[in-house]
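Below: target38.txt (compact mmCIF, N, CA and C atoms)
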# COMPACT_ATOMS: atom_id res chain seq x y z
N MET A 274 4.39 62.20 -160.89
CA MET A 274 4.43 62.48 -162.30
C MET A 274 3.28 63.45 -162.61
N VAL A 275 3.61 64.63 -163.07
CA VAL A 275 2.61 65.63 -163.38
C VAL A 275 2.55 65.81 -164.89
N PHE A 276 1.35 65.77 -165.42
CA PHE A 276 1.15 65.92 -166.85
C PHE A 276 0.57 67.29 -167.16
N ASN A 277 0.97 67.85 -168.29
CA ASN A 277 0.31 69.08 -168.72
C ASN A 277 -0.92 68.69 -169.53
N GLU A 278 -1.71 69.68 -169.93
CA GLU A 278 -2.98 69.40 -170.58
C GLU A 278 -2.80 68.64 -171.90
N GLN A 279 -1.80 68.99 -172.67
CA GLN A 279 -1.58 68.32 -173.95
C GLN A 279 -1.22 66.84 -173.75
N GLU A 280 -0.38 66.57 -172.76
CA GLU A 280 -0.01 65.19 -172.48
C GLU A 280 -1.22 64.37 -172.03
N LEU A 281 -2.10 65.00 -171.22
CA LEU A 281 -3.30 64.31 -170.78
C LEU A 281 -4.20 63.96 -171.97
N ARG A 282 -4.35 64.89 -172.89
CA ARG A 282 -5.18 64.62 -174.08
C ARG A 282 -4.60 63.46 -174.88
N GLN A 283 -3.27 63.41 -175.03
CA GLN A 283 -2.64 62.32 -175.76
C GLN A 283 -2.86 60.98 -175.06
N ILE A 284 -2.77 61.00 -173.73
CA ILE A 284 -2.98 59.76 -172.97
C ILE A 284 -4.42 59.28 -173.13
N ILE A 285 -5.37 60.21 -173.00
CA ILE A 285 -6.78 59.84 -173.09
C ILE A 285 -7.11 59.32 -174.49
N GLN A 286 -6.53 59.92 -175.50
CA GLN A 286 -6.83 59.52 -176.87
C GLN A 286 -5.96 58.34 -177.34
N ALA A 287 -4.98 57.98 -176.56
CA ALA A 287 -4.06 56.90 -176.96
C ALA A 287 -4.79 55.57 -176.99
N PRO A 288 -4.33 54.69 -177.86
CA PRO A 288 -4.98 53.37 -177.95
C PRO A 288 -4.48 52.43 -176.84
N ILE A 289 -4.75 52.80 -175.60
CA ILE A 289 -4.38 51.94 -174.47
C ILE A 289 -5.66 51.44 -173.82
N SER A 290 -5.54 50.45 -172.99
CA SER A 290 -6.73 49.85 -172.38
C SER A 290 -7.40 50.83 -171.43
N ILE A 291 -8.66 50.61 -171.21
CA ILE A 291 -9.43 51.45 -170.29
C ILE A 291 -8.87 51.32 -168.89
N ASP A 292 -8.43 50.13 -168.52
CA ASP A 292 -7.85 49.93 -167.19
C ASP A 292 -6.62 50.81 -166.98
N MET A 293 -5.78 50.92 -167.99
CA MET A 293 -4.59 51.77 -167.87
C MET A 293 -5.01 53.23 -167.75
N LYS A 294 -6.01 53.64 -168.52
CA LYS A 294 -6.50 55.02 -168.43
C LYS A 294 -7.06 55.30 -167.04
N LEU A 295 -7.84 54.34 -166.52
CA LEU A 295 -8.40 54.52 -165.19
C LEU A 295 -7.30 54.61 -164.13
N ASP A 296 -6.28 53.78 -164.26
CA ASP A 296 -5.15 53.85 -163.32
C ASP A 296 -4.47 55.21 -163.38
N LEU A 297 -4.28 55.74 -164.58
CA LEU A 297 -3.67 57.07 -164.72
C LEU A 297 -4.54 58.15 -164.09
N ILE A 298 -5.84 58.06 -164.29
CA ILE A 298 -6.76 59.04 -163.71
C ILE A 298 -6.73 58.95 -162.19
N LYS A 299 -6.71 57.72 -161.64
CA LYS A 299 -6.64 57.55 -160.19
C LYS A 299 -5.35 58.15 -159.64
N GLN A 300 -4.23 57.93 -160.33
CA GLN A 300 -2.96 58.49 -159.88
C GLN A 300 -3.01 60.01 -159.88
N LEU A 301 -3.57 60.58 -160.94
CA LEU A 301 -3.68 62.05 -161.01
C LEU A 301 -4.57 62.59 -159.91
N HIS A 302 -5.68 61.90 -159.65
CA HIS A 302 -6.59 62.33 -158.59
C HIS A 302 -5.90 62.27 -157.23
N GLN A 303 -5.17 61.20 -156.98
CA GLN A 303 -4.47 61.05 -155.71
C GLN A 303 -3.43 62.16 -155.53
N GLN A 304 -2.72 62.50 -156.60
CA GLN A 304 -1.74 63.59 -156.53
C GLN A 304 -2.43 64.90 -156.20
N ASP A 305 -3.58 65.14 -156.81
CA ASP A 305 -4.32 66.38 -156.57
C ASP A 305 -4.80 66.44 -155.13
N VAL A 306 -5.31 65.32 -154.61
CA VAL A 306 -5.78 65.27 -153.23
C VAL A 306 -4.62 65.52 -152.26
N GLN A 307 -3.48 64.88 -152.50
CA GLN A 307 -2.33 65.07 -151.63
C GLN A 307 -1.86 66.52 -151.65
N LYS A 308 -1.88 67.15 -152.82
CA LYS A 308 -1.48 68.55 -152.92
C LYS A 308 -2.44 69.44 -152.13
N THR A 309 -3.74 69.18 -152.24
CA THR A 309 -4.74 69.97 -151.52
C THR A 309 -4.58 69.79 -150.02
N VAL A 310 -4.36 68.56 -149.57
CA VAL A 310 -4.19 68.29 -148.14
C VAL A 310 -2.95 69.00 -147.61
N SER A 311 -1.85 68.93 -148.35
CA SER A 311 -0.63 69.58 -147.87
C SER A 311 -0.78 71.10 -147.85
N GLU A 312 -1.50 71.65 -148.81
CA GLU A 312 -1.74 73.10 -148.80
C GLU A 312 -2.60 73.50 -147.62
N THR A 313 -3.61 72.69 -147.29
CA THR A 313 -4.48 72.97 -146.14
C THR A 313 -3.68 72.89 -144.85
N GLN A 314 -2.86 71.85 -144.72
CA GLN A 314 -2.03 71.72 -143.52
C GLN A 314 -1.09 72.91 -143.38
N GLN A 315 -0.51 73.34 -144.49
CA GLN A 315 0.41 74.47 -144.45
C GLN A 315 -0.30 75.75 -144.02
N SER A 316 -1.52 75.97 -144.52
CA SER A 316 -2.25 77.18 -144.15
C SER A 316 -2.64 77.16 -142.67
N ILE A 317 -2.98 75.98 -142.15
CA ILE A 317 -3.31 75.86 -140.73
C ILE A 317 -2.07 76.12 -139.88
N LEU A 318 -0.94 75.54 -140.27
CA LEU A 318 0.30 75.77 -139.52
C LEU A 318 0.71 77.25 -139.55
N GLU A 319 0.51 77.91 -140.70
CA GLU A 319 0.82 79.34 -140.79
C GLU A 319 -0.09 80.15 -139.88
N ALA A 320 -1.38 79.78 -139.82
CA ALA A 320 -2.30 80.49 -138.94
C ALA A 320 -1.92 80.30 -137.48
N ILE A 321 -1.53 79.08 -137.12
CA ILE A 321 -1.10 78.82 -135.73
C ILE A 321 0.14 79.65 -135.41
N GLU A 322 1.10 79.66 -136.30
CA GLU A 322 2.33 80.42 -136.05
C GLU A 322 2.05 81.91 -135.96
N LYS A 323 1.13 82.40 -136.77
CA LYS A 323 0.76 83.83 -136.72
C LYS A 323 0.17 84.18 -135.36
N VAL A 324 -0.73 83.34 -134.88
CA VAL A 324 -1.35 83.59 -133.57
C VAL A 324 -0.31 83.46 -132.47
N LEU A 325 0.55 82.45 -132.56
CA LEU A 325 1.59 82.28 -131.54
C LEU A 325 2.50 83.50 -131.47
N SER A 326 2.90 84.02 -132.61
CA SER A 326 3.80 85.17 -132.61
C SER A 326 3.10 86.41 -132.07
N SER A 327 1.82 86.60 -132.40
CA SER A 327 1.11 87.76 -131.87
C SER A 327 0.90 87.64 -130.36
N GLU A 328 0.68 86.40 -129.89
CA GLU A 328 0.50 86.19 -128.45
C GLU A 328 1.82 86.41 -127.71
N ARG A 329 2.93 86.05 -128.34
CA ARG A 329 4.23 86.30 -127.70
C ARG A 329 4.47 87.79 -127.56
N VAL A 330 4.08 88.56 -128.58
CA VAL A 330 4.24 90.01 -128.53
C VAL A 330 3.40 90.59 -127.41
N LYS A 331 2.16 90.07 -127.25
CA LYS A 331 1.26 90.55 -126.20
C LYS A 331 1.70 90.08 -124.81
N GLY A 332 2.56 89.07 -124.78
CA GLY A 332 3.01 88.53 -123.50
C GLY A 332 2.11 87.44 -122.97
N ASN A 333 1.15 87.01 -123.76
CA ASN A 333 0.25 85.95 -123.35
C ASN A 333 0.96 84.61 -123.55
N THR A 334 1.04 83.82 -122.50
CA THR A 334 1.77 82.56 -122.60
C THR A 334 0.86 81.35 -122.76
N MET A 335 -0.45 81.57 -122.86
CA MET A 335 -1.36 80.42 -122.98
C MET A 335 -1.05 79.60 -124.22
N LEU A 336 -0.73 80.27 -125.31
CA LEU A 336 -0.42 79.55 -126.54
C LEU A 336 1.08 79.54 -126.82
N ASP A 337 1.86 79.44 -125.78
CA ASP A 337 3.30 79.29 -125.97
C ASP A 337 3.54 78.00 -126.74
N SER A 338 4.52 78.00 -127.61
CA SER A 338 4.73 76.84 -128.49
C SER A 338 4.96 75.55 -127.70
N LYS A 339 5.44 75.65 -126.47
CA LYS A 339 5.64 74.45 -125.66
C LYS A 339 4.31 73.91 -125.15
N CYS A 340 3.28 74.78 -125.05
CA CYS A 340 1.99 74.38 -124.50
C CYS A 340 0.95 74.07 -125.57
N VAL A 341 1.28 74.25 -126.83
CA VAL A 341 0.32 74.00 -127.90
C VAL A 341 0.08 72.50 -127.99
N ASP A 342 -1.20 72.13 -128.01
CA ASP A 342 -1.57 70.72 -128.07
C ASP A 342 -1.21 70.13 -129.42
N GLN A 343 -0.76 68.90 -129.42
CA GLN A 343 -0.38 68.24 -130.68
C GLN A 343 -1.57 68.02 -131.59
N PHE A 344 -2.79 68.02 -131.03
CA PHE A 344 -3.99 67.82 -131.84
C PHE A 344 -4.54 69.12 -132.41
N LEU A 345 -3.91 70.26 -132.13
CA LEU A 345 -4.45 71.55 -132.57
C LEU A 345 -4.65 71.63 -134.08
N PRO A 346 -3.68 71.26 -134.93
CA PRO A 346 -3.94 71.33 -136.38
C PRO A 346 -5.11 70.46 -136.82
N ASP A 347 -5.21 69.25 -136.25
CA ASP A 347 -6.32 68.36 -136.61
C ASP A 347 -7.65 68.93 -136.12
N ALA A 348 -7.64 69.52 -134.94
CA ALA A 348 -8.88 70.10 -134.40
C ALA A 348 -9.32 71.30 -135.23
N LEU A 349 -8.36 72.09 -135.71
CA LEU A 349 -8.72 73.23 -136.56
C LEU A 349 -9.28 72.76 -137.89
N ALA A 350 -8.73 71.69 -138.42
CA ALA A 350 -9.28 71.14 -139.67
C ALA A 350 -10.69 70.61 -139.43
N LEU A 351 -10.92 70.02 -138.28
CA LEU A 351 -12.23 69.52 -137.91
C LEU A 351 -13.21 70.68 -137.72
N ALA A 352 -12.72 71.80 -137.22
CA ALA A 352 -13.58 72.97 -136.99
C ALA A 352 -14.14 73.52 -138.29
N ASN A 353 -13.43 73.30 -139.40
CA ASN A 353 -13.94 73.75 -140.70
C ASN A 353 -15.13 72.92 -141.14
N LYS A 354 -15.25 71.69 -140.63
CA LYS A 354 -16.33 70.79 -141.05
C LYS A 354 -17.53 70.86 -140.13
N LYS A 355 -17.31 71.02 -138.83
CA LYS A 355 -18.42 71.04 -137.88
C LYS A 355 -18.05 71.86 -136.66
N GLU A 356 -19.05 72.15 -135.85
CA GLU A 356 -18.83 72.92 -134.64
C GLU A 356 -18.10 72.07 -133.61
N LEU A 357 -17.09 72.66 -132.99
CA LEU A 357 -16.32 71.93 -131.98
C LEU A 357 -16.97 72.06 -130.62
N THR A 358 -17.01 70.96 -129.91
CA THR A 358 -17.45 70.95 -128.52
C THR A 358 -16.47 70.09 -127.74
N VAL A 359 -16.49 70.24 -126.44
CA VAL A 359 -15.59 69.44 -125.61
C VAL A 359 -15.88 67.95 -125.79
N PRO A 360 -17.16 67.51 -125.74
CA PRO A 360 -17.40 66.07 -125.94
C PRO A 360 -16.97 65.56 -127.32
N SER A 361 -17.18 66.37 -128.36
CA SER A 361 -16.77 65.90 -129.69
C SER A 361 -15.25 65.77 -129.78
N LEU A 362 -14.53 66.68 -129.15
CA LEU A 362 -13.07 66.57 -129.13
C LEU A 362 -12.62 65.35 -128.33
N GLN A 363 -13.31 65.10 -127.21
CA GLN A 363 -12.99 63.93 -126.40
C GLN A 363 -13.17 62.64 -127.21
N ARG A 364 -14.28 62.54 -127.92
CA ARG A 364 -14.55 61.33 -128.70
C ARG A 364 -13.58 61.19 -129.87
N THR A 365 -13.34 62.31 -130.57
CA THR A 365 -12.50 62.25 -131.77
C THR A 365 -11.07 61.88 -131.43
N PHE A 366 -10.50 62.52 -130.41
CA PHE A 366 -9.09 62.33 -130.11
C PHE A 366 -8.84 61.39 -128.92
N LYS A 367 -9.94 60.90 -128.32
CA LYS A 367 -9.83 59.98 -127.17
C LYS A 367 -8.96 60.60 -126.07
N ILE A 368 -9.38 61.80 -125.66
CA ILE A 368 -8.66 62.53 -124.61
C ILE A 368 -9.64 62.87 -123.49
N GLY A 369 -9.11 63.30 -122.36
CA GLY A 369 -9.92 63.65 -121.22
C GLY A 369 -10.57 65.02 -121.34
N TYR A 370 -11.44 65.31 -120.36
CA TYR A 370 -12.20 66.56 -120.40
C TYR A 370 -11.29 67.79 -120.34
N ASN A 371 -10.35 67.80 -119.40
CA ASN A 371 -9.49 68.98 -119.23
C ASN A 371 -8.68 69.27 -120.49
N ARG A 372 -8.11 68.25 -121.07
CA ARG A 372 -7.30 68.46 -122.28
C ARG A 372 -8.20 68.91 -123.44
N ALA A 373 -9.39 68.33 -123.56
CA ALA A 373 -10.32 68.75 -124.62
C ALA A 373 -10.74 70.20 -124.42
N ASN A 374 -10.95 70.60 -123.18
CA ASN A 374 -11.32 71.98 -122.89
C ASN A 374 -10.19 72.94 -123.26
N GLN A 375 -8.96 72.58 -122.92
CA GLN A 375 -7.82 73.41 -123.29
C GLN A 375 -7.64 73.46 -124.80
N LEU A 376 -7.84 72.34 -125.46
CA LEU A 376 -7.73 72.28 -126.92
C LEU A 376 -8.79 73.17 -127.57
N LEU A 377 -10.00 73.14 -127.04
CA LEU A 377 -11.07 73.99 -127.56
C LEU A 377 -10.72 75.46 -127.38
N ALA A 378 -10.15 75.81 -126.22
CA ALA A 378 -9.75 77.20 -125.98
C ALA A 378 -8.66 77.63 -126.96
N GLN A 379 -7.70 76.75 -127.22
CA GLN A 379 -6.64 77.07 -128.17
C GLN A 379 -7.21 77.22 -129.59
N CYS A 380 -8.15 76.36 -129.95
CA CYS A 380 -8.78 76.46 -131.28
C CYS A 380 -9.51 77.79 -131.43
N GLU A 381 -10.25 78.17 -130.40
CA GLU A 381 -10.99 79.44 -130.45
C GLU A 381 -10.02 80.61 -130.56
N GLN A 382 -8.92 80.53 -129.83
CA GLN A 382 -7.94 81.60 -129.88
C GLN A 382 -7.31 81.71 -131.27
N VAL A 383 -6.99 80.59 -131.89
CA VAL A 383 -6.41 80.60 -133.23
C VAL A 383 -7.42 81.12 -134.25
N MET A 384 -8.68 80.64 -134.15
CA MET A 384 -9.71 81.07 -135.10
C MET A 384 -10.03 82.56 -134.94
N ASN A 385 -10.04 83.05 -133.71
CA ASN A 385 -10.25 84.49 -133.51
C ASN A 385 -9.07 85.29 -134.02
N GLY A 386 -7.87 84.73 -133.92
CA GLY A 386 -6.68 85.39 -134.44
C GLY A 386 -6.69 85.48 -135.95
N GLU A 387 -7.27 84.48 -136.62
CA GLU A 387 -7.37 84.50 -138.08
C GLU A 387 -8.34 85.56 -138.55
N LYS A 388 -9.41 85.80 -137.78
CA LYS A 388 -10.43 86.77 -138.18
C LYS A 388 -9.95 88.20 -138.09
N GLU A 389 -8.97 88.44 -137.21
CA GLU A 389 -8.47 89.81 -137.02
C GLU A 389 -7.64 90.29 -138.18
Taking this structure as input, can you express it in the form of structure tokens?
Amino acid sequence: MVFNEQELRQIIQAPISIDMKLDLIKQLHQQDVQKTVSETQQSILEAIEKVLSSERVKGNTMLDSKCVDQFLPDALALANKKELTVPSLQRTFKIGYNRANQLLAQCEQVMNGEKE
């Protein structure tokens, strides 16, 4: 349920209990958070697809869609918050060294592709 500004003002000024107002505010906040998360996920997926398509054109098969790690979108989101390292990827996703190393290489390739 999305409210426009006028409806929100009416709700806030309405003679309803504070608990009901707080519940409405929590619902609106949750909707906003979900929208932001889905937009972020969409932008990450678009960046991955852009890099994959450019790599296919170059003939590079390292990031072939069959070889892309399932944790790549989550790792890219994590890269926005902190620096990625092989041990941090191992701890976060509970994966082995080789897979974490490959995931880090894929993340670097995607992030370098975004900068171009």
At a cut-off of 12 Å around the point (-4.9, 69.6, -137.1) (file coordinates), what residues fall inside when counting only C-alpha atoms? I'd like the answer as an MDAnalysis selection string. chainID A and resid 310:311 313:321 341:353 362 365:366 376 379:380 383
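The coordinates place CA of Leu357 (chain A) at 9.3 Å from CA of Glu381 (chain A).
Picture a line from CA of Gln307 (chain A) to CA of Leu281 (chain A); it runs 19.2 Å.
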Calculate how many Å separate CA of Glu278 (chain A) from CA of Gln300 (chain A), rounding to one decimal. 15.3 Å
Padded axis-aligned box of region 317-324 of chain A (8 Å per side), centre and edge lengths, Å, one decimal, as JSON:
{"center_x": -0.5, "center_y": 79.9, "center_z": -137.3, "size_x": 21.6, "size_y": 24.6, "size_z": 25.7}
